[in-house]
file work-v2.cif (mmCIF, C-alpha atoms)
data_start
#
loop_
_atom_site.label_atom_id
_atom_site.label_comp_id
_atom_site.auth_asym_id
_atom_site.auth_seq_id
_atom_site.Cartn_x
_atom_site.Cartn_y
_atom_site.Cartn_z
CA MET A 1 -29.90 202.25 75.73
CA ALA A 2 -30.24 198.52 75.02
CA PHE A 3 -32.45 197.32 72.18
CA ALA A 4 -34.38 194.99 74.53
CA THR A 5 -35.33 194.76 78.19
CA VAL A 6 -35.27 192.04 80.81
CA THR A 7 -39.05 191.85 80.37
CA ASP A 8 -38.49 191.07 76.66
CA ILE A 9 -36.14 188.23 77.61
CA GLU A 10 -38.63 186.82 80.11
CA ALA A 11 -41.42 186.98 77.51
CA ARG A 12 -39.32 184.96 75.08
CA TRP A 13 -37.76 182.53 77.54
CA ARG A 14 -38.71 182.27 81.25
CA ASN A 15 -38.95 184.30 84.45
CA LEU A 16 -35.53 185.26 85.79
CA SER A 17 -34.29 185.44 89.37
CA THR A 18 -33.06 188.77 90.73
CA ASP A 19 -29.42 187.79 90.12
CA GLU A 20 -30.25 186.62 86.60
CA LYS A 21 -32.04 189.90 85.89
CA ASP A 22 -28.93 191.83 86.95
CA ARG A 23 -26.75 189.69 84.67
CA ALA A 24 -29.25 189.97 81.81
CA THR A 25 -29.22 193.77 82.09
CA VAL A 26 -25.44 193.83 81.69
CA LEU A 27 -25.58 191.34 78.82
CA LEU A 28 -28.25 193.40 77.05
CA ASP A 29 -25.89 196.38 77.07
CA ASP A 30 -23.11 194.13 75.74
CA ALA A 31 -25.44 192.80 73.02
CA GLU A 32 -26.29 196.35 71.98
CA ALA A 33 -22.58 197.24 71.76
CA LEU A 34 -21.92 194.12 69.68
CA ILE A 35 -24.81 194.85 67.30
CA ARG A 36 -23.72 198.49 66.89
CA ALA A 37 -20.17 197.32 66.15
CA GLU A 38 -21.45 194.86 63.53
CA PHE A 39 -23.38 197.66 61.81
CA ALA A 40 -20.33 199.94 61.95
CA ASN A 41 -18.12 197.20 60.47
CA ALA A 42 -20.64 196.74 57.66
CA HIS A 43 -20.77 200.53 57.10
CA LYS A 44 -24.53 200.47 57.63
CA GLU A 45 -26.85 202.65 59.68
CA ILE A 46 -29.20 201.10 62.22
CA ASP A 47 -32.86 201.84 61.51
CA GLU A 48 -34.02 201.62 65.12
CA GLU A 49 -37.65 202.32 64.22
CA GLY A 50 -37.87 200.01 61.21
CA GLN A 51 -35.87 197.20 62.79
CA VAL A 52 -37.21 197.41 66.34
CA GLN A 53 -38.49 193.81 66.43
CA ALA A 54 -35.38 192.34 64.82
CA LEU A 55 -33.07 194.29 67.16
CA LYS A 56 -35.11 193.14 70.14
CA ALA A 57 -35.25 189.49 69.04
CA VAL A 58 -31.53 189.29 68.25
CA SER A 59 -30.59 191.00 71.52
CA CYS A 60 -32.70 188.52 73.49
CA ALA A 61 -31.22 185.55 71.60
CA ILE A 62 -27.66 186.74 72.29
CA VAL A 63 -28.39 187.16 76.00
CA LYS A 64 -30.18 183.81 76.32
CA ARG A 65 -27.29 182.05 74.57
CA ALA A 66 -24.78 183.60 76.98
CA MET A 67 -26.91 182.82 80.03
CA THR A 68 -27.48 179.16 79.09
CA ALA A 69 -23.79 178.45 78.47
CA PRO A 70 -22.77 175.61 80.79
CA ASP A 71 -20.04 176.20 83.32
CA GLY A 72 -16.85 174.27 82.77
CA ASP A 73 -13.58 174.19 80.96
CA TYR A 74 -14.76 172.09 78.03
CA THR A 75 -16.08 173.36 74.72
CA GLN A 76 -16.94 170.07 73.02
CA TYR A 77 -18.28 166.67 73.98
CA GLN A 78 -18.39 163.56 71.82
CA THR A 79 -19.61 160.04 72.48
CA SER A 80 -19.88 156.96 70.28
CA ALA A 81 -21.62 153.61 70.46
CA GLY A 82 -21.02 151.30 67.53
CA SER A 83 -21.82 153.14 64.33
CA PHE A 84 -23.65 155.93 66.17
CA SER A 85 -22.02 159.06 67.53
CA GLU A 86 -23.07 162.35 69.07
CA GLN A 87 -21.15 165.58 69.27
CA TYR A 88 -21.98 168.79 71.14
CA SER A 89 -20.22 172.13 71.10
CA TYR A 90 -20.60 174.51 74.03
CA ASN A 91 -20.12 178.21 74.55
CA SER A 92 -18.42 177.45 77.86
CA ASP A 93 -17.20 180.96 78.58
CA GLY A 94 -20.58 182.60 77.96
CA ALA A 95 -19.19 184.77 75.16
CA ILE A 96 -21.67 186.81 73.18
CA TYR A 97 -21.86 186.48 69.42
CA ILE A 98 -24.30 186.93 66.55
CA LYS A 99 -25.29 183.90 64.48
CA LYS A 100 -25.53 184.03 60.70
CA GLY A 101 -29.33 183.88 60.74
CA GLU A 102 -29.44 186.78 63.20
CA LYS A 103 -27.16 188.82 60.96
CA SER A 104 -29.56 188.07 58.13
CA MET A 105 -32.49 189.31 60.24
CA LEU A 106 -30.61 192.56 60.78
CA GLY A 107 -29.66 192.91 57.11
CA LEU A 108 -25.96 192.47 57.88
CA LEU A 109 -25.08 189.54 55.67
CA LYS A 110 -22.64 190.53 52.99
CA THR A 111 -23.90 189.79 49.54
CA GLY A 112 -21.49 188.64 46.91
CA LYS A 113 -21.18 190.30 43.59
CA ILE A 114 -21.40 188.44 40.35
CA GLN A 115 -18.85 189.66 37.90
CA ASN A 116 -18.60 188.80 34.25
CA VAL A 117 -15.53 189.50 32.20
CA SER A 118 -16.05 189.52 28.50
CA LEU A 119 -13.27 188.08 26.40
CA THR A 120 -13.92 190.79 23.85
CA GLY A 121 -13.54 193.57 26.42
CA GLY A 122 -15.62 195.12 29.15
CA VAL A 123 -16.64 194.13 32.65
CA SER A 124 -20.14 194.00 34.08
CA CYS A 125 -21.00 193.75 37.76
CA GLN A 126 -24.32 192.81 39.37
CA ASN A 127 -25.42 192.83 43.02
#
call {"tool": "encode", "arguments": {"input": "work-v2.cif", "output": "structure tokens"}}
result
Amino acid sequence: MAFATVTDIEARWRNLSTDEKDRATVLLDDAEALIRAEFANAHKEIDEEGQVQALKAVSCAIVKRAMTAPDGDYTQYQTSAGSFSEQYSYNSDGAIYIKKGEKSMLGLLKTGKIQNVSLTGGVSCQN
């Protein structure tokens, strides 16, 4: 079962047409599969009760991002006028993905380890 509902998406974004609701339902299932895969790759368990709001918010963000992707074959647009320029990148195929901040919300960001090597012998490691 998806972590969010079409009603959750509408509450965070706007009312959806019947066709959009059908697409959102499919995308919510895809978002759930993606999130579960991310947790599996990180060797972490999902705390569905403790993370209910984060799972819901991230699922809705993934679906909204996919549904607002413009149609077309381009992925980037750039324009310049004198010393000014603008550049846009698009998710033109509507692919679903999780942003770094969303991974952080879910506790999925990998933390680096600080390692010290003593020249006189011994290694210490901190998380």
call {"tool": "residues_around", "arguments": {"input": "work-v2.cif", "residues": "Lys103 of chain A", "least_positions_apart": "4", "cutoff": "10 Å", "atoms": "all atoms listed in the file", "output": "list in words"}}
result
Ile35, Glu38, Phe39, Ala54, Val58, Ile98, Lys99, Gly107, Leu108, Leu109 and Lys110 of chain A
call {"tool": "resolve_selection", "arguments": {"input": "work-v2.cif", "expression": "the PyMOL selection byres ((chain A and resi 24) around 9)", "output": "JSON, numbers by chain"}}
result
{"A": [5, 6, 9, 16, 19, 20, 21, 22, 23, 25, 26, 27, 28, 29, 63, 64, 67]}
call {"tool": "axis_aligned_box", "arguments": {"input": "work-v2.cif", "around": "segment 81-84 of chain A", "padding_each_side": "4 Å", "output": "AutoDock Vina command-line options"}}
result
--center_x -22.3 --center_y 153.6 --center_z 67.4 --size_x 10.6 --size_y 12.6 --size_z 14.1
call {"tool": "atom_distance", "arguments": {"input": "work-v2.cif", "atom1": "atom CA of Leu34 of chain A", "atom2": "atom CA of Ala11 of chain A"}}
result
22.2 Å
call {"tool": "residues_near_point", "arguments": {"input": "work-v2.cif", "point": "(-29.3, 194.7, 72.4)", "cutoff": "6 Å", "atoms": "only C-alpha atoms", "output": "VMD selection string"}}
result
chain A and resid 2 to 4 28 31 to 32 59
call {"tool": "closest_residue", "arguments": {"input": "work-v2.cif", "among": "A:Pro70, A:Arg65, A:Gln87, A:Leu55", "to": "Leu106 of chain A", "atoms": "all atoms listed in the file"}}
result
A:Leu55
call {"tool": "closest_residue", "arguments": {"input": "work-v2.cif", "among": "A:Val52, A:Ala95, A:Ile46, A:Cys60", "to": "Arg14 of chain A", "atoms": "all atoms listed in the file"}}
result
A:Cys60
call {"tool": "closest_residue", "arguments": {"input": "work-v2.cif", "among": "A:Asp47, A:Ala61, A:Ala66, A:Glu102", "to": "Trp13 of chain A", "atoms": "all atoms listed in the file"}}
result
A:Ala61
call {"tool": "atom_distance", "arguments": {"input": "work-v2.cif", "atom1": "atom CA of Ala42 of chain A", "atom2": "atom CA of Met1 of chain A"}}
result
21.0 Å
call {"tool": "atom_distance", "arguments": {"input": "work-v2.cif", "atom1": "atom CA of Asp8 of chain A", "atom2": "atom CA of Ile62 of chain A"}}
result
12.5 Å
call {"tool": "closest_residue", "arguments": {"input": "work-v2.cif", "among": "A:Gln51, A:Ser83, A:Asp30, A:Arg12", "to": "Tyr97 of chain A", "atoms": "all atoms listed in the file"}}
result
A:Asp30
call {"tool": "build_atoms", "arguments": {"input": "work-v2.cif", "residues": "segment 93-108 of chain A", "atoms": "N, CA, C and O atoms", "output": "PDB file, in the frame of the given file"}}
result
ATOM      1  N   ASP A  93     -17.585 179.739  77.875  1.00  0.00           N
ATOM      2  CA  ASP A  93     -17.200 180.960  78.580  1.00  0.00           C
ATOM      3  C   ASP A  93     -18.308 182.013  78.564  1.00  0.00           C
ATOM      4  O   ASP A  93     -18.147 183.100  79.083  1.00  0.00           O
ATOM      5  N   GLY A  94     -19.455 181.678  77.974  1.00  0.00           N
ATOM      6  CA  GLY A  94     -20.580 182.600  77.960  1.00  0.00           C
ATOM      7  C   GLY A  94     -20.369 183.801  77.050  1.00  0.00           C
ATOM      8  O   GLY A  94     -21.003 184.831  77.212  1.00  0.00           O
ATOM      9  N   ALA A  95     -19.479 183.670  76.079  1.00  0.00           N
ATOM     10  CA  ALA A  95     -19.190 184.770  75.160  1.00  0.00           C
ATOM     11  C   ALA A  95     -20.446 185.128  74.359  1.00  0.00           C
ATOM     12  O   ALA A  95     -21.289 184.278  74.086  1.00  0.00           O
ATOM     13  N   ILE A  96     -20.547 186.391  73.997  1.00  0.00           N
ATOM     14  CA  ILE A  96     -21.670 186.810  73.180  1.00  0.00           C
ATOM     15  C   ILE A  96     -21.237 186.854  71.719  1.00  0.00           C
ATOM     16  O   ILE A  96     -20.100 187.198  71.410  1.00  0.00           O
ATOM     17  N   TYR A  97     -22.141 186.461  70.852  1.00  0.00           N
ATOM     18  CA  TYR A  97     -21.860 186.480  69.420  1.00  0.00           C
ATOM     19  C   TYR A  97     -23.189 186.507  68.675  1.00  0.00           C
ATOM     20  O   TYR A  97     -24.248 186.218  69.227  1.00  0.00           O
ATOM     21  N   ILE A  98     -23.111 186.866  67.402  1.00  0.00           N
ATOM     22  CA  ILE A  98     -24.300 186.930  66.550  1.00  0.00           C
ATOM     23  C   ILE A  98     -24.205 185.800  65.527  1.00  0.00           C
ATOM     24  O   ILE A  98     -23.204 185.669  64.824  1.00  0.00           O
ATOM     25  N   LYS A  99     -25.254 184.999  65.448  1.00  0.00           N
ATOM     26  CA  LYS A  99     -25.290 183.900  64.480  1.00  0.00           C
ATOM     27  C   LYS A  99     -25.601 184.445  63.084  1.00  0.00           C
ATOM     28  O   LYS A  99     -26.134 185.548  62.927  1.00  0.00           O
ATOM     29  N   LYS A 100     -25.312 183.640  62.084  1.00  0.00           N
ATOM     30  CA  LYS A 100     -25.530 184.030  60.700  1.00  0.00           C
ATOM     31  C   LYS A 100     -26.994 184.395  60.426  1.00  0.00           C
ATOM     32  O   LYS A 100     -27.289 185.394  59.784  1.00  0.00           O
ATOM     33  N   GLY A 101     -27.911 183.588  60.940  1.00  0.00           N
ATOM     34  CA  GLY A 101     -29.330 183.880  60.740  1.00  0.00           C
ATOM     35  C   GLY A 101     -29.760 185.183  61.378  1.00  0.00           C
ATOM     36  O   GLY A 101     -30.621 185.894  60.863  1.00  0.00           O
ATOM     37  N   GLU A 102     -29.138 185.514  62.518  1.00  0.00           N
ATOM     38  CA  GLU A 102     -29.440 186.780  63.200  1.00  0.00           C
ATOM     39  C   GLU A 102     -28.886 187.959  62.401  1.00  0.00           C
ATOM     40  O   GLU A 102     -29.529 188.997  62.300  1.00  0.00           O
ATOM     41  N   LYS A 103     -27.708 187.771  61.822  1.00  0.00           N
ATOM     42  CA  LYS A 103     -27.160 188.820  60.960  1.00  0.00           C
ATOM     43  C   LYS A 103     -28.080 189.048  59.757  1.00  0.00           C
ATOM     44  O   LYS A 103     -28.296 190.179  59.331  1.00  0.00           O
ATOM     45  N   SER A 104     -28.624 187.953  59.240  1.00  0.00           N
ATOM     46  CA  SER A 104     -29.560 188.070  58.130  1.00  0.00           C
ATOM     47  C   SER A 104     -30.804 188.854  58.532  1.00  0.00           C
ATOM     48  O   SER A 104     -31.279 189.712  57.781  1.00  0.00           O
ATOM     49  N   MET A 105     -31.324 188.571  59.733  1.00  0.00           N
ATOM     50  CA  MET A 105     -32.490 189.310  60.240  1.00  0.00           C
ATOM     51  C   MET A 105     -32.220 190.806  60.297  1.00  0.00           C
ATOM     52  O   MET A 105     -33.109 191.621  60.054  1.00  0.00           O
ATOM     53  N   LEU A 106     -30.985 191.156  60.634  1.00  0.00           N
ATOM     54  CA  LEU A 106     -30.610 192.560  60.780  1.00  0.00           C
ATOM     55  C   LEU A 106     -30.150 193.184  59.463  1.00  0.00           C
ATOM     56  O   LEU A 106     -29.842 194.374  59.424  1.00  0.00           O
ATOM     57  N   GLY A 107     -30.104 192.395  58.405  1.00  0.00           N
ATOM     58  CA  GLY A 107     -29.660 192.910  57.110  1.00  0.00           C
ATOM     59  C   GLY A 107     -28.154 193.113  57.050  1.00  0.00           C
ATOM     60  O   GLY A 107     -27.667 193.972  56.325  1.00  0.00           O
ATOM     61  N   LEU A 108     -27.413 192.301  57.806  1.00  0.00           N
ATOM     62  CA  LEU A 108     -25.960 192.470  57.880  1.00  0.00           C
ATOM     63  C   LEU A 108     -25.167 191.454  57.075  1.00  0.00           C
ATOM     64  O   LEU A 108     -23.944 191.523  57.067  1.00  0.00           O
TER      65      LEU A 108
END
